[in-house]
file entry-v4.cif (mmCIF, C-alpha atoms)
data_upload
#
loop_
_atom_site.label_atom_id
_atom_site.label_comp_id
_atom_site.auth_asym_id
_atom_site.auth_seq_id
_atom_site.Cartn_x
_atom_site.Cartn_y
_atom_site.Cartn_z
CA MET A 1 -20.55 12.96 -15.70
CA ASN A 2 -21.38 16.26 -14.06
CA GLY A 3 -21.64 14.53 -10.71
CA PRO A 4 -20.81 15.32 -7.10
CA GLN A 5 -17.25 13.99 -7.49
CA ASP A 6 -16.19 16.82 -9.80
CA LEU A 7 -14.92 19.14 -7.08
CA GLY A 8 -12.02 21.09 -8.58
CA GLY A 9 -12.40 24.83 -8.04
CA ARG A 10 -15.75 24.63 -6.23
CA HIS A 11 -16.48 27.12 -3.47
CA GLY A 12 -18.05 26.70 -0.06
CA PHE A 13 -16.49 23.53 1.38
CA GLY A 14 -14.63 25.32 4.15
CA PRO A 15 -11.14 24.77 5.56
CA VAL A 16 -9.06 21.64 5.15
CA ASP A 17 -9.21 19.46 8.26
CA VAL A 18 -5.47 19.76 8.85
CA ALA A 19 -5.87 18.70 12.49
CA SER A 20 -6.88 15.19 11.38
CA GLY A 21 -3.20 14.74 10.52
CA ASP A 22 -2.24 11.17 9.70
CA GLU A 23 -5.71 9.73 10.28
CA MET A 24 -6.61 7.32 7.46
CA PHE A 25 -9.89 5.97 8.85
CA HIS A 26 -12.63 7.54 10.97
CA ALA A 27 -13.83 4.20 12.37
CA ALA A 28 -12.97 0.50 12.37
CA TRP A 29 -15.70 -0.36 9.86
CA GLU A 30 -13.96 1.82 7.27
CA LYS A 31 -10.98 -0.55 7.31
CA ARG A 32 -13.26 -3.49 6.56
CA VAL A 33 -14.77 -1.55 3.63
CA LEU A 34 -11.31 -0.99 2.17
CA GLY A 35 -10.45 -4.68 2.49
CA ILE A 36 -13.78 -6.03 1.27
CA THR A 37 -13.79 -3.69 -1.72
CA LEU A 38 -10.30 -4.72 -2.84
CA ALA A 39 -11.04 -8.40 -2.22
CA ALA A 40 -14.34 -8.27 -4.14
CA GLY A 41 -12.56 -6.64 -7.08
CA ALA A 42 -10.84 -9.99 -7.67
CA LEU A 43 -14.21 -11.49 -8.66
CA GLY A 44 -13.75 -9.70 -11.98
CA TYR A 45 -17.21 -8.20 -12.40
CA TRP A 46 -16.04 -4.61 -12.70
CA ASN A 47 -12.91 -2.56 -13.29
CA LEU A 48 -11.39 0.52 -11.69
CA ASP A 49 -13.31 2.91 -13.93
CA ALA A 50 -16.64 1.17 -13.39
CA SER A 51 -16.13 1.29 -9.62
CA ARG A 52 -15.35 5.01 -9.78
CA HIS A 53 -18.50 5.51 -11.84
CA ALA A 54 -20.56 3.64 -9.25
CA ARG A 55 -19.27 6.03 -6.56
CA GLU A 56 -19.87 9.24 -8.49
CA SER A 57 -23.35 8.02 -9.49
CA LEU A 58 -24.57 8.30 -5.91
CA SER A 59 -27.02 11.14 -5.42
CA PRO A 60 -25.17 14.36 -4.54
CA ALA A 61 -27.13 14.62 -1.28
CA ILE A 62 -25.79 11.22 -0.23
CA TYR A 63 -22.28 11.76 -1.63
CA TYR A 64 -21.67 14.99 0.27
CA ASN A 65 -23.08 13.62 3.53
CA ALA A 66 -21.17 10.35 3.45
CA SER A 67 -17.68 9.70 4.68
CA TYR A 68 -15.32 8.52 1.98
CA TYR A 69 -15.65 4.84 2.85
CA GLU A 70 -19.43 5.07 3.12
CA ILE A 71 -19.29 6.13 -0.53
CA TRP A 72 -17.18 3.06 -1.24
CA LEU A 73 -19.60 0.80 0.64
CA ARG A 74 -22.69 2.08 -1.12
CA ALA A 75 -20.99 1.70 -4.50
CA LEU A 76 -19.84 -1.83 -3.65
CA GLU A 77 -23.38 -2.87 -2.66
CA ARG A 78 -24.61 -1.49 -6.01
CA LEU A 79 -21.90 -3.25 -8.03
CA LEU A 80 -22.53 -6.60 -6.33
CA GLN A 81 -26.26 -6.29 -6.96
CA ASP A 82 -25.68 -5.35 -10.59
CA ALA A 83 -23.45 -8.42 -10.88
CA GLY A 84 -26.27 -10.61 -9.56
CA GLU A 85 -24.15 -11.84 -6.64
CA VAL A 86 -26.10 -10.16 -3.84
CA SER A 87 -29.78 -9.22 -3.58
CA GLY A 88 -31.40 -6.35 -1.77
CA ALA A 89 -33.23 -8.89 0.39
CA GLU A 90 -29.92 -10.44 1.45
CA LEU A 91 -28.48 -7.04 2.34
CA ALA A 92 -31.57 -6.25 4.41
CA ALA A 93 -31.41 -9.62 6.19
CA GLY A 94 -27.64 -9.65 6.64
CA GLN A 95 -27.59 -13.29 5.58
CA SER A 96 -26.89 -15.08 2.33
CA SER A 97 -29.76 -17.00 0.74
CA ALA A 98 -27.95 -18.37 -2.32
CA PRO A 99 -24.44 -19.63 -3.06
CA GLY A 100 -21.89 -17.35 -4.72
CA LEU A 101 -21.56 -17.56 -8.49
CA ARG A 102 -17.83 -16.90 -8.69
CA ALA A 103 -16.58 -18.45 -5.47
CA ASP A 104 -13.83 -20.04 -7.59
CA ARG A 105 -12.32 -16.54 -8.01
CA CYS A 106 -12.30 -15.68 -4.30
CA LEU A 107 -9.07 -13.86 -3.36
CA LYS A 108 -7.27 -15.97 -0.75
CA ALA A 109 -5.14 -14.45 1.99
CA GLU A 110 -1.97 -16.05 0.65
CA ALA A 111 -2.48 -14.34 -2.73
CA VAL A 112 -2.98 -10.81 -1.37
CA SER A 113 0.65 -9.77 -1.34
CA ALA A 114 1.27 -10.82 -4.95
CA VAL A 115 -1.96 -9.23 -6.19
CA LEU A 116 -1.18 -5.88 -4.55
CA LYS A 117 2.41 -5.96 -5.80
CA ARG A 118 1.26 -6.66 -9.36
CA GLY A 119 -1.28 -3.84 -9.33
CA GLY A 120 -3.09 -2.97 -12.53
CA PRO A 121 -0.98 -1.13 -15.06
CA THR A 122 -3.11 0.78 -17.59
CA ASP A 123 -0.54 1.42 -20.33
CA ARG A 124 -1.31 -0.47 -23.53
CA PRO A 125 -0.05 -0.71 -27.10
CA GLY A 126 -1.98 1.90 -29.06
CA ALA A 127 -1.99 4.65 -31.61
CA ALA A 128 0.94 7.06 -31.72
CA SER A 129 0.38 10.37 -29.97
CA ALA A 130 -0.98 13.05 -32.31
CA PHE A 131 0.38 15.87 -30.15
CA SER A 132 3.94 16.63 -29.03
CA VAL A 133 5.39 18.36 -26.01
CA GLY A 134 4.90 22.10 -26.46
CA ASP A 135 1.77 21.85 -28.61
CA ARG A 136 -1.10 24.13 -27.63
CA VAL A 137 -4.36 22.27 -27.09
CA ARG A 138 -7.86 23.09 -25.94
CA LEU A 139 -9.86 20.81 -23.65
CA ARG A 140 -13.06 19.96 -25.48
CA ASN A 141 -16.49 20.74 -24.09
CA HIS A 142 -16.87 17.04 -23.31
CA GLN A 143 -19.83 16.38 -21.00
CA PRO A 144 -20.92 12.74 -21.25
CA ALA A 145 -23.65 11.51 -18.91
CA GLY A 146 -21.42 8.50 -18.24
CA HIS A 147 -17.95 8.32 -16.71
CA THR A 148 -15.17 10.63 -17.80
CA ARG A 149 -11.93 11.78 -16.22
CA LEU A 150 -12.06 15.26 -17.75
CA PRO A 151 -12.77 17.56 -14.80
CA GLY A 152 -15.27 20.32 -15.47
CA TYR A 153 -13.02 23.17 -14.38
CA VAL A 154 -10.66 22.79 -17.36
CA ARG A 155 -13.28 22.33 -20.10
CA GLY A 156 -12.75 24.85 -22.87
CA CYS A 157 -9.38 25.95 -21.46
CA THR A 158 -6.26 26.21 -23.59
CA GLY A 159 -3.00 24.77 -22.32
CA VAL A 160 0.26 23.20 -23.41
CA ILE A 161 1.23 19.54 -23.66
CA THR A 162 4.00 19.00 -21.11
CA LEU A 163 4.31 15.20 -20.82
CA LEU A 164 3.52 12.24 -23.08
CA HIS A 165 2.53 8.98 -21.41
CA GLY A 166 1.82 6.69 -24.39
CA ALA A 167 -1.54 4.97 -24.78
CA HIS A 168 -3.61 4.09 -21.69
CA VAL A 169 -6.96 2.41 -21.10
CA TYR A 170 -9.68 4.94 -21.93
CA PRO A 171 -11.91 5.39 -18.86
CA ASP A 172 -14.95 6.67 -20.73
CA SER A 173 -15.41 3.37 -22.60
CA HIS A 174 -13.94 1.09 -19.95
CA ALA A 175 -16.38 2.26 -17.27
CA ARG A 176 -19.36 1.23 -19.41
CA PHE A 177 -17.79 -2.18 -20.21
CA ASP A 178 -17.27 -1.11 -23.81
CA GLY A 179 -13.62 -2.18 -23.98
CA GLU A 180 -10.29 -0.63 -23.07
CA GLN A 181 -10.01 1.35 -26.35
CA PRO A 182 -6.50 2.64 -25.44
CA GLN A 183 -5.89 6.30 -26.29
CA PRO A 184 -2.76 8.46 -26.04
CA LEU A 185 -2.50 10.13 -22.65
CA TYR A 186 -0.90 13.53 -21.97
CA THR A 187 -0.20 15.92 -19.15
CA VAL A 188 -1.60 19.32 -20.13
CA SER A 189 -0.54 22.44 -18.21
CA PHE A 190 -2.48 25.69 -17.88
CA LYS A 191 -2.00 29.10 -16.37
CA ALA A 192 -4.41 29.43 -13.47
CA THR A 193 -5.67 32.70 -14.96
CA GLU A 194 -6.82 30.75 -18.04
CA VAL A 195 -8.78 28.36 -15.83
CA PHE A 196 -10.08 30.55 -12.99
CA GLY A 197 -10.06 34.02 -14.49
CA ALA A 198 -8.16 37.25 -14.11
CA ASP A 199 -8.23 37.18 -10.31
CA ALA A 200 -6.47 33.81 -10.13
CA ASP A 201 -2.95 33.43 -8.71
CA PRO A 202 -0.60 34.75 -11.45
CA ALA A 203 2.23 32.48 -10.27
CA LEU A 204 0.13 29.29 -10.40
CA THR A 205 0.30 26.57 -13.05
CA LEU A 206 -2.24 23.72 -13.10
CA SER A 207 -2.02 20.43 -14.91
CA VAL A 208 -4.37 17.56 -15.59
CA ASP A 209 -3.81 14.23 -17.31
CA ALA A 210 -6.01 14.02 -20.39
CA TRP A 211 -6.64 11.40 -23.07
CA GLU A 212 -6.45 12.43 -26.72
CA PRO A 213 -10.25 12.38 -27.32
CA TYR A 214 -10.54 15.15 -24.72
CA LEU A 215 -8.22 17.43 -26.73
CA GLU A 216 -8.25 19.54 -29.85
CA ARG A 217 -5.45 21.58 -31.37
CA ALA A 218 -5.52 25.24 -30.35
CA MET B 219 -19.70 10.40 10.01
CA HIS B 220 -21.68 7.77 11.78
CA ASP B 221 -19.45 6.85 14.67
CA HIS B 222 -20.40 9.49 17.20
CA ASP B 223 -23.32 7.87 19.03
CA HIS B 224 -21.87 4.78 20.62
CA HIS B 225 -23.80 2.44 22.88
CA ASP B 226 -22.09 -0.42 24.60
CA ASN B 227 -24.39 -3.20 23.43
CA GLU B 228 -25.46 -1.97 20.07
CA LEU B 229 -23.64 -1.73 16.76
CA ASP B 230 -23.81 1.62 15.12
CA GLU B 231 -25.58 1.71 11.78
CA MET B 232 -22.48 1.65 9.58
CA THR B 233 -20.72 -1.09 11.53
CA ALA B 234 -23.83 -3.23 11.23
CA ARG B 235 -24.17 -2.53 7.52
CA VAL B 236 -20.57 -3.45 6.78
CA ARG B 237 -20.74 -6.55 8.94
CA ALA B 238 -23.87 -7.65 7.06
CA LEU B 239 -22.13 -7.36 3.70
CA GLU B 240 -18.99 -9.12 4.90
CA THR B 241 -21.11 -11.93 6.38
CA ILE B 242 -23.06 -12.41 3.15
CA LEU B 243 -19.95 -12.44 0.96
CA THR B 244 -18.15 -14.83 3.30
CA GLN B 245 -21.12 -17.21 3.42
CA LYS B 246 -21.18 -17.21 -0.38
CA GLY B 247 -17.46 -17.96 -0.55
CA LEU B 248 -16.81 -14.75 -2.48
CA ILE B 249 -14.38 -13.22 -0.02
CA ASP B 250 -11.93 -14.69 2.48
CA PRO B 251 -11.99 -12.66 5.73
CA ALA B 252 -8.32 -13.51 6.21
CA ALA B 253 -7.60 -11.82 2.86
CA VAL B 254 -9.50 -8.75 4.04
CA ASP B 255 -7.35 -8.78 7.19
CA ALA B 256 -4.19 -9.09 5.08
CA ILE B 257 -5.16 -6.10 2.92
CA ILE B 258 -5.82 -3.96 6.00
CA GLU B 259 -2.59 -5.11 7.64
CA THR B 260 -0.63 -4.22 4.50
CA TYR B 261 -1.79 -0.62 4.39
CA GLU B 262 -2.00 -0.03 8.14
CA HIS B 263 1.43 -1.34 9.00
CA LYS B 264 3.59 -2.35 6.04
CA VAL B 265 3.21 0.23 3.26
CA GLY B 266 3.46 3.88 4.24
CA PRO B 267 5.29 7.17 3.78
CA ARG B 268 8.53 5.73 5.13
CA ASN B 269 8.90 4.19 1.66
CA GLY B 270 8.62 7.55 -0.06
CA ALA B 271 11.02 9.10 2.43
CA MET B 272 13.61 6.52 1.40
CA VAL B 273 13.11 7.46 -2.25
CA VAL B 274 13.58 11.16 -1.44
CA ALA B 275 16.65 10.55 0.72
CA ARG B 276 18.21 8.48 -2.05
CA ALA B 277 17.49 11.24 -4.57
CA TRP B 278 19.13 13.81 -2.28
CA SER B 279 22.19 11.60 -1.76
CA ASP B 280 22.72 10.14 -5.21
CA PRO B 281 22.57 12.44 -8.27
CA GLU B 282 22.41 9.47 -10.64
CA PHE B 283 19.35 8.13 -8.81
CA ALA B 284 17.79 11.60 -8.91
CA GLU B 285 18.33 11.69 -12.66
CA TRP B 286 16.77 8.22 -13.03
CA LEU B 287 13.82 9.43 -10.97
CA ARG B 288 13.35 12.34 -13.37
CA GLU B 289 13.56 10.10 -16.44
CA ASP B 290 11.66 7.02 -15.27
CA ALA B 291 10.28 7.32 -11.76
CA THR B 292 8.39 4.02 -11.95
CA ALA B 293 11.59 2.05 -12.56
CA ALA B 294 13.73 4.06 -10.16
CA ILE B 295 11.20 3.62 -7.34
CA ALA B 296 10.72 -0.08 -8.14
CA SER B 297 14.49 -0.54 -7.77
CA LEU B 298 13.98 0.18 -4.05
CA GLY B 299 11.21 -2.43 -3.89
CA PHE B 300 8.20 -0.10 -4.00
CA GLU B 301 5.71 -0.97 -6.74
CA GLY B 302 2.21 -2.23 -7.42
CA ARG B 303 -1.34 -1.10 -6.86
CA GLN B 304 -1.85 2.68 -7.29
CA GLY B 305 1.82 3.17 -8.15
CA GLU B 306 1.94 1.53 -11.55
CA HIS B 307 2.88 4.75 -13.40
CA MET B 308 4.93 7.18 -11.31
CA VAL B 309 6.15 10.70 -12.03
CA ALA B 310 8.46 12.52 -9.59
CA VAL B 311 8.22 16.32 -9.46
CA PHE B 312 11.08 18.24 -7.87
CA ASN B 313 10.69 21.35 -5.77
CA THR B 314 13.24 24.11 -6.35
CA PRO B 315 13.88 27.46 -4.64
CA THR B 316 11.58 29.08 -7.20
CA GLN B 317 8.96 26.39 -7.80
CA HIS B 318 6.78 24.41 -5.40
CA ASN B 319 4.71 21.38 -6.43
CA LEU B 320 1.42 20.19 -4.92
CA VAL B 321 -0.59 17.06 -5.73
CA VAL B 322 -4.36 16.59 -5.59
CA CYS B 323 -7.05 14.37 -7.05
CA THR B 324 -10.09 16.57 -7.61
CA LEU B 325 -12.22 13.69 -8.95
CA CYS B 326 -11.65 11.06 -6.27
CA SER B 327 -8.60 10.19 -4.16
CA CYS B 328 -5.77 9.05 -6.45
CA TYR B 329 -2.59 8.78 -4.40
CA PRO B 330 0.69 6.85 -4.78
CA TRP B 331 0.05 3.94 -2.39
CA PRO B 332 3.38 2.07 -2.73
CA VAL B 333 5.39 5.11 -1.58
CA LEU B 334 2.91 6.96 0.67
CA GLY B 335 0.43 4.32 1.83
CA LEU B 336 -3.26 5.17 1.97
CA PRO B 337 -4.27 8.83 1.72
CA PRO B 338 -5.12 10.69 4.91
CA THR B 339 -8.77 11.60 5.42
CA TRP B 340 -8.29 15.30 4.54
CA TYR B 341 -6.80 14.41 1.14
CA LYS B 342 -10.02 12.59 0.19
CA ALA B 343 -12.44 15.19 1.56
CA PRO B 344 -14.13 17.94 -0.50
CA PRO B 345 -12.31 21.00 0.97
CA TYR B 346 -8.86 19.89 -0.19
CA ARG B 347 -10.11 18.54 -3.53
CA ALA B 348 -12.05 21.72 -4.28
CA ARG B 349 -9.47 24.28 -3.15
CA ALA B 350 -6.03 22.83 -3.94
CA VAL B 351 -6.37 23.79 -7.60
CA ARG B 352 -7.86 27.25 -7.10
CA GLU B 353 -6.09 28.61 -4.03
CA PRO B 354 -3.13 26.42 -3.14
CA ARG B 355 -1.38 29.24 -1.28
CA ALA B 356 -4.31 29.54 1.11
CA VAL B 357 -4.43 25.75 1.55
CA LEU B 358 -0.68 25.70 2.25
CA GLN B 359 -1.12 28.38 4.89
CA GLU B 360 -3.62 26.13 6.66
CA PHE B 361 -0.82 23.55 6.77
CA GLY B 362 1.51 26.19 8.20
CA VAL B 363 3.49 26.53 4.98
CA GLN B 364 4.11 30.13 3.94
CA LEU B 365 5.56 30.51 0.45
CA GLY B 366 6.75 33.86 -0.80
CA PRO B 367 4.47 35.42 -3.43
CA GLN B 368 7.32 35.09 -5.92
CA THR B 369 7.47 31.31 -5.50
CA LYS B 370 5.69 29.66 -8.40
CA ILE B 371 3.33 26.80 -7.66
CA HIS B 372 2.46 23.89 -9.92
CA VAL B 373 -0.59 21.86 -8.88
CA TRP B 374 -0.84 18.38 -10.39
CA ASP B 375 -4.41 17.03 -10.60
CA SER B 376 -4.15 13.21 -10.80
CA THR B 377 -6.95 12.64 -13.30
CA ALA B 378 -5.49 9.47 -14.87
CA GLU B 379 -3.43 6.54 -13.53
CA ILE B 380 -0.24 8.61 -13.34
CA ARG B 381 0.74 9.04 -9.69
CA TYR B 382 2.83 12.01 -8.59
CA LEU B 383 5.47 12.10 -5.86
CA VAL B 384 6.82 15.49 -4.77
CA ILE B 385 10.56 15.53 -4.08
CA PRO B 386 10.95 18.30 -1.48
CA GLN B 387 14.04 20.46 -1.33
CA ARG B 388 16.84 19.12 0.83
CA PRO B 389 17.08 21.19 4.02
CA ALA B 390 20.18 23.30 4.58
CA ASN B 391 22.98 22.08 6.82
CA THR B 392 22.33 18.39 6.21
CA GLU B 393 25.53 17.59 4.30
CA HIS B 394 26.78 15.44 7.19
CA LEU B 395 23.67 13.27 7.44
CA SER B 396 23.43 9.68 6.29
CA GLU B 397 20.73 8.60 3.89
CA ALA B 398 18.79 7.01 6.77
CA ALA B 399 19.02 10.21 8.81
CA LEU B 400 17.90 12.24 5.80
CA ALA B 401 14.85 10.00 5.40
CA ASP B 402 13.82 10.96 8.93
CA LEU B 403 13.46 14.58 7.77
CA VAL B 404 10.97 13.71 5.02
CA THR B 405 7.35 13.98 6.10
CA ARG B 406 4.35 12.51 4.35
CA ASP B 407 2.94 15.99 3.75
CA SER B 408 6.19 17.17 2.14
CA MET B 409 5.80 14.44 -0.50
CA ILE B 410 2.25 15.61 -1.30
CA GLY B 411 3.47 19.19 -1.36
CA CYS B 412 1.51 20.29 1.74
CA GLY B 413 4.67 20.52 3.83
CA LEU B 414 8.39 21.09 3.57
CA ALA B 415 11.21 18.82 4.64
CA THR B 416 12.88 20.37 7.65
CA ASN B 417 15.88 19.65 9.83
CA GLU B 418 14.46 21.50 12.82
CA ALA B 419 14.15 18.30 14.82
CA ALA B 420 17.77 17.39 14.12
CA ALA B 421 19.13 20.86 14.87
#
call {"tool": "encode", "arguments": {"input": "entry-v4.cif", "output": "structure tokens"}}
result
Amino acid sequence: MNGPQDLGGRHGFGPVDVASGDEMFHAAWEKRVLGITLAAGALGYWNLDASRHARESLSPAIYYNASYYEIWLRALERLLQDAGEVSGAELAAGQSSAPGLRADRCLKAEAVSAVLKRGGPTDRPGAASAFSVGDRVRLRNHQPAGHTRLPGYVRGCTGVITLLHGAHVYPDSHARFDGEQPQPLYTVSFKATEVFGADADPALTLSVDAWEPYLERA
Amino acid sequence: MHDHDHHDNELDEMTARVRALETILTQKGLIDPAAVDAIIETYEHKVGPRNGAMVVARAWSDPEFAEWLREDATAAIASLGFEGRQGEHMVAVFNTPTQHNLVVCTLCSCYPWPVLGLPPTWYKAPPYRARAVREPRAVLQEFGVQLGPQTKIHVWDSTAEIRYLVIPQRPANTEHLSEAALADLVTRDSMIGCGLATNEAAA
């Protein structure tokens, strides 16, 4: 979606806050948001792509004014309400008024280490890759209203396939709970001048990872 | 940012909002607060850039490991015990005297957790995400890194579940150093591409 998350190449955001150094959290509550979000993921109501879509679906005015973990919190509240586990009235009251539906899937402390170590690989058996390393491809003008991982700044640009990754879960379908629909995944590299115009850094190469439905032969 | 107006006896708005959600989910039996604690503890204290530094030091010391890292970074890194969430599919990119690599996630905050831990706040914020792809040389200057105009840059935008680890160049005059001492030269930023490994501290 053409949402607030699609930041590549945008102007006007100012300098990088280099002085923040190693800081990972602005405040203690942000740590709880990280932990609660990962723990709630074990309930199985959503997947990585659906949670990303919940975050980027926040209004741009909210997204750009929120700290990173406020974005996570707002998305988590939305996902839990959509799942029917939490009501707006409960959030307003700060108290539960009904038992949990999937308490049997609650992530226990003793399982955390194994769950994090296992992670969530996204490679899947799937169709053979139609493109090979060295092929020239164009990024399609793909602008779904739903989730996609094709960033706007490379749409319509022509590049070269530089890595093959086999088939991976396709985020566009997965985020709308329409199945994993694995598609071949590639790294596509571009000259910066192709992406950002004649004034771009002539010694700069950019690459994105792109699923086959985003690509056409050039 | 909501943490600037503190009062002694009053929770700020965000703390209260998070506490409300955690209370509700705990009352419903949907989360275990001890599991939340364990997740925080893992990424605050157990998993961090020291892991990645060990990967880099091994690559500098052992050409066969470096080759494995080029061919199958996921397996090579897992052989050192670093694997799992947000590091399921790893690619290592090697800096050379003529090419520098930089990693960004313009769409969110993708970052190789098993080797670098959680991303720093600047990595997740709009300025870095917007500018790293368009003007990496200017971004690097803000980090105090000055590359010659002849040095090529490759910026890797992590738009899928592939996670990139930059292998910085080994500093000069480090032939005598052990692998553990080499790891001390590898900064977190150098493995994102926003810094260089340096032996200034050792010299």
call {"tool": "residues_around", "arguments": {"input": "entry-v4.cif", "residues": "stretch 181-195 of chain A", "least_positions_apart": "3", "cutoff": "6 Å", "atoms": "all atoms listed in the file", "output": "PyMOL selection string"}}
result
chain A and resi 126+129+159-170+198+200+204-212
call {"tool": "closest_atom_pairs", "arguments": {"input": "entry-v4.cif", "of": "chain A", "to": "chain B", "cutoff": "6 Å", "atoms": "only C-alpha atoms", "output": "CSV"}}
result
residue,atom,partner,partner_atom,distance
A:Gln5,CA,B:Leu325,CA,5.2
A:Asp6,CA,B:Leu325,CA,5.1
A:Leu7,CA,B:Ala348,CA,4.8
A:Gly8,CA,B:Ala348,CA,4.3
A:Gly9,CA,B:Ala348,CA,4.9
A:Arg10,CA,B:Ala348,CA,5.1
A:Phe13,CA,B:Pro345,CA,4.9
A:Gly14,CA,B:Pro345,CA,5.8
A:Val16,CA,B:Pro345,CA,5.3
A:Asp17,CA,B:Trp340,CA,5.7
A:Asp22,CA,B:Pro338,CA,5.6
A:Glu23,CA,B:Pro338,CA,5.5
A:Met24,CA,B:Pro338,CA,4.5
A:Trp29,CA,B:Thr233,CA,5.3
A:Gly35,CA,B:Val254,CA,4.5
A:Ile36,CA,B:Val254,CA,5.8
A:Ser67,CA,B:Met219,CA,5.7
A:Gly94,CA,B:Ala238,CA,4.3
A:Gln95,CA,B:Ile242,CA,5.2
A:Ser96,CA,B:Ile242,CA,4.7
A:Pro99,CA,B:Lys246,CA,4.9
A:Gly100,CA,B:Lys246,CA,4.4
A:Ala103,CA,B:Leu248,CA,4.8
A:Cys106,CA,B:Leu248,CA,5.0
A:Lys108,CA,B:Ala253,CA,5.5
A:Ala109,CA,B:Ala253,CA,3.7
A:Leu116,CA,B:Arg303,CA,5.3
A:Lys117,CA,B:Gly302,CA,4.1
A:Arg118,CA,B:Gly302,CA,4.9
A:Gly119,CA,B:Arg303,CA,3.7
A:Pro121,CA,B:Glu306,CA,5.3
A:Arg149,CA,B:Thr377,CA,5.8
A:Ala203,CA,B:Lys370,CA,4.8
A:Leu204,CA,B:Ile371,CA,4.9
A:Thr205,CA,B:His372,CA,4.7
A:Leu206,CA,B:Val373,CA,4.9
A:Ser207,CA,B:Trp374,CA,5.1
A:Val208,CA,B:Asp375,CA,5.0
A:Asp209,CA,B:Thr377,CA,5.3
call {"tool": "atom_distance", "arguments": {"input": "entry-v4.cif", "atom1": "atom CA of A:Pro144", "atom2": "atom CA of A:Arg55"}}
result
16.2 Å
call {"tool": "atom_distance", "arguments": {"input": "entry-v4.cif", "atom1": "atom CA of A:Asp135", "atom2": "atom CA of A:Asp123"}}
result
22.2 Å
call {"tool": "closest_residue", "arguments": {"input": "entry-v4.cif", "among": "A:Ala40, A:Ala27, A:Leu101, A:Ala75", "to": "A:Ala54", "atoms": "only C-alpha atoms"}}
result
A:Ala75
call {"tool": "closest_residue", "arguments": {"input": "entry-v4.cif", "among": "A:Ala175, A:Ala145, A:Leu139, A:Ala114", "to": "A:Glu216", "atoms": "all atoms listed in the file"}}
result
A:Leu139
call {"tool": "atom_distance", "arguments": {"input": "entry-v4.cif", "atom1": "atom CA of A:Leu79", "atom2": "atom CA of B:Leu334"}}
result
28.2 Å
call {"tool": "residues_around", "arguments": {"input": "entry-v4.cif", "residues": "B:Thr416", "least_positions_apart": "4", "cutoff": "9 Å", "atoms": "only C-alpha atoms", "output": "MDAnalysis selection string"}}
result
chainID B and resid 388:390 403:405 420
call {"tool": "closest_residue", "arguments": {"input": "entry-v4.cif", "among": "A:Ala39, A:Asn47, A:His174, A:Tyr63", "to": "A:Val112", "atoms": "all atoms listed in the file"}}
result
A:Ala39
call {"tool": "residues_around", "arguments": {"input": "entry-v4.cif", "residues": "B:Asp290", "least_positions_apart": "2", "cutoff": "12 Å", "atoms": "all atoms listed in the file", "output": "list of chain:residue names"}}
result
A:His165, B:Glu282, B:Phe283, B:Ala284, B:Glu285, B:Trp286, B:Leu287, B:Arg288, B:Thr292, B:Ala293, B:Ala294, B:Ile295, B:Ala296, B:Ser297, B:Glu306, B:His307, B:Met308, B:Val309, B:Ala310, B:Val311
call {"tool": "write_last_selection", "arguments": {"input": "entry-v4.cif", "atoms": "C-alpha atoms", "output": "tab-separated table (two decimals), keeping the file's coordinate frame"}}
result
chain	number	residue	atom	x	y	z
A	165	HIS	CA	2.53	8.98	-21.41
B	282	GLU	CA	22.41	9.47	-10.64
B	283	PHE	CA	19.35	8.13	-8.81
B	284	ALA	CA	17.79	11.60	-8.91
B	285	GLU	CA	18.33	11.69	-12.66
B	286	TRP	CA	16.77	8.22	-13.03
B	287	LEU	CA	13.82	9.43	-10.97
B	288	ARG	CA	13.35	12.34	-13.37
B	292	THR	CA	8.39	4.02	-11.95
B	293	ALA	CA	11.59	2.05	-12.56
B	294	ALA	CA	13.73	4.06	-10.16
B	295	ILE	CA	11.20	3.62	-7.34
B	296	ALA	CA	10.72	-0.08	-8.14
B	297	SER	CA	14.49	-0.54	-7.77
B	306	GLU	CA	1.94	1.53	-11.55
B	307	HIS	CA	2.88	4.75	-13.40
B	308	MET	CA	4.93	7.18	-11.31
B	309	VAL	CA	6.15	10.70	-12.03
B	310	ALA	CA	8.46	12.52	-9.59
B	311	VAL	CA	8.22	16.32	-9.46
call {"tool": "residues_around", "arguments": {"input": "entry-v4.cif", "residues": "A:Met1", "least_positions_apart": "3", "cutoff": "10 Å", "atoms": "all atoms listed in the file", "output": "count of residues only"}}
result
18
call {"tool": "decode", "arguments": {"input": "entry-v4.cif", "residues": "stretch 251-256 of chain B", "atoms": "N, CA and C atoms", "output": "CSV table (one decimal), in the first residue's frame"}}
result
chain,number,residue,atom,x,y,z
B,251,PRO,N,3.3,-13.0,31.9
B,251,PRO,CA,4.2,-11.9,32.1
B,251,PRO,C,5.7,-12.4,32.2
B,252,ALA,N,5.9,-13.6,32.7
B,252,ALA,CA,7.2,-14.1,32.9
B,252,ALA,C,7.8,-14.4,31.5
B,253,ALA,N,7.0,-14.7,30.5
B,253,ALA,CA,7.5,-14.9,29.1
B,253,ALA,C,7.8,-13.6,28.5
B,254,VAL,N,7.1,-12.5,28.8
B,254,VAL,CA,7.4,-11.2,28.3
B,254,VAL,C,8.7,-10.8,28.9
B,255,ASP,N,8.9,-11.0,30.2
B,255,ASP,CA,10.2,-10.7,30.8
B,255,ASP,C,11.4,-11.5,30.1
B,256,ALA,N,11.1,-12.7,29.8
B,256,ALA,CA,12.2,-13.6,29.2
B,256,ALA,C,12.5,-13.1,27.8
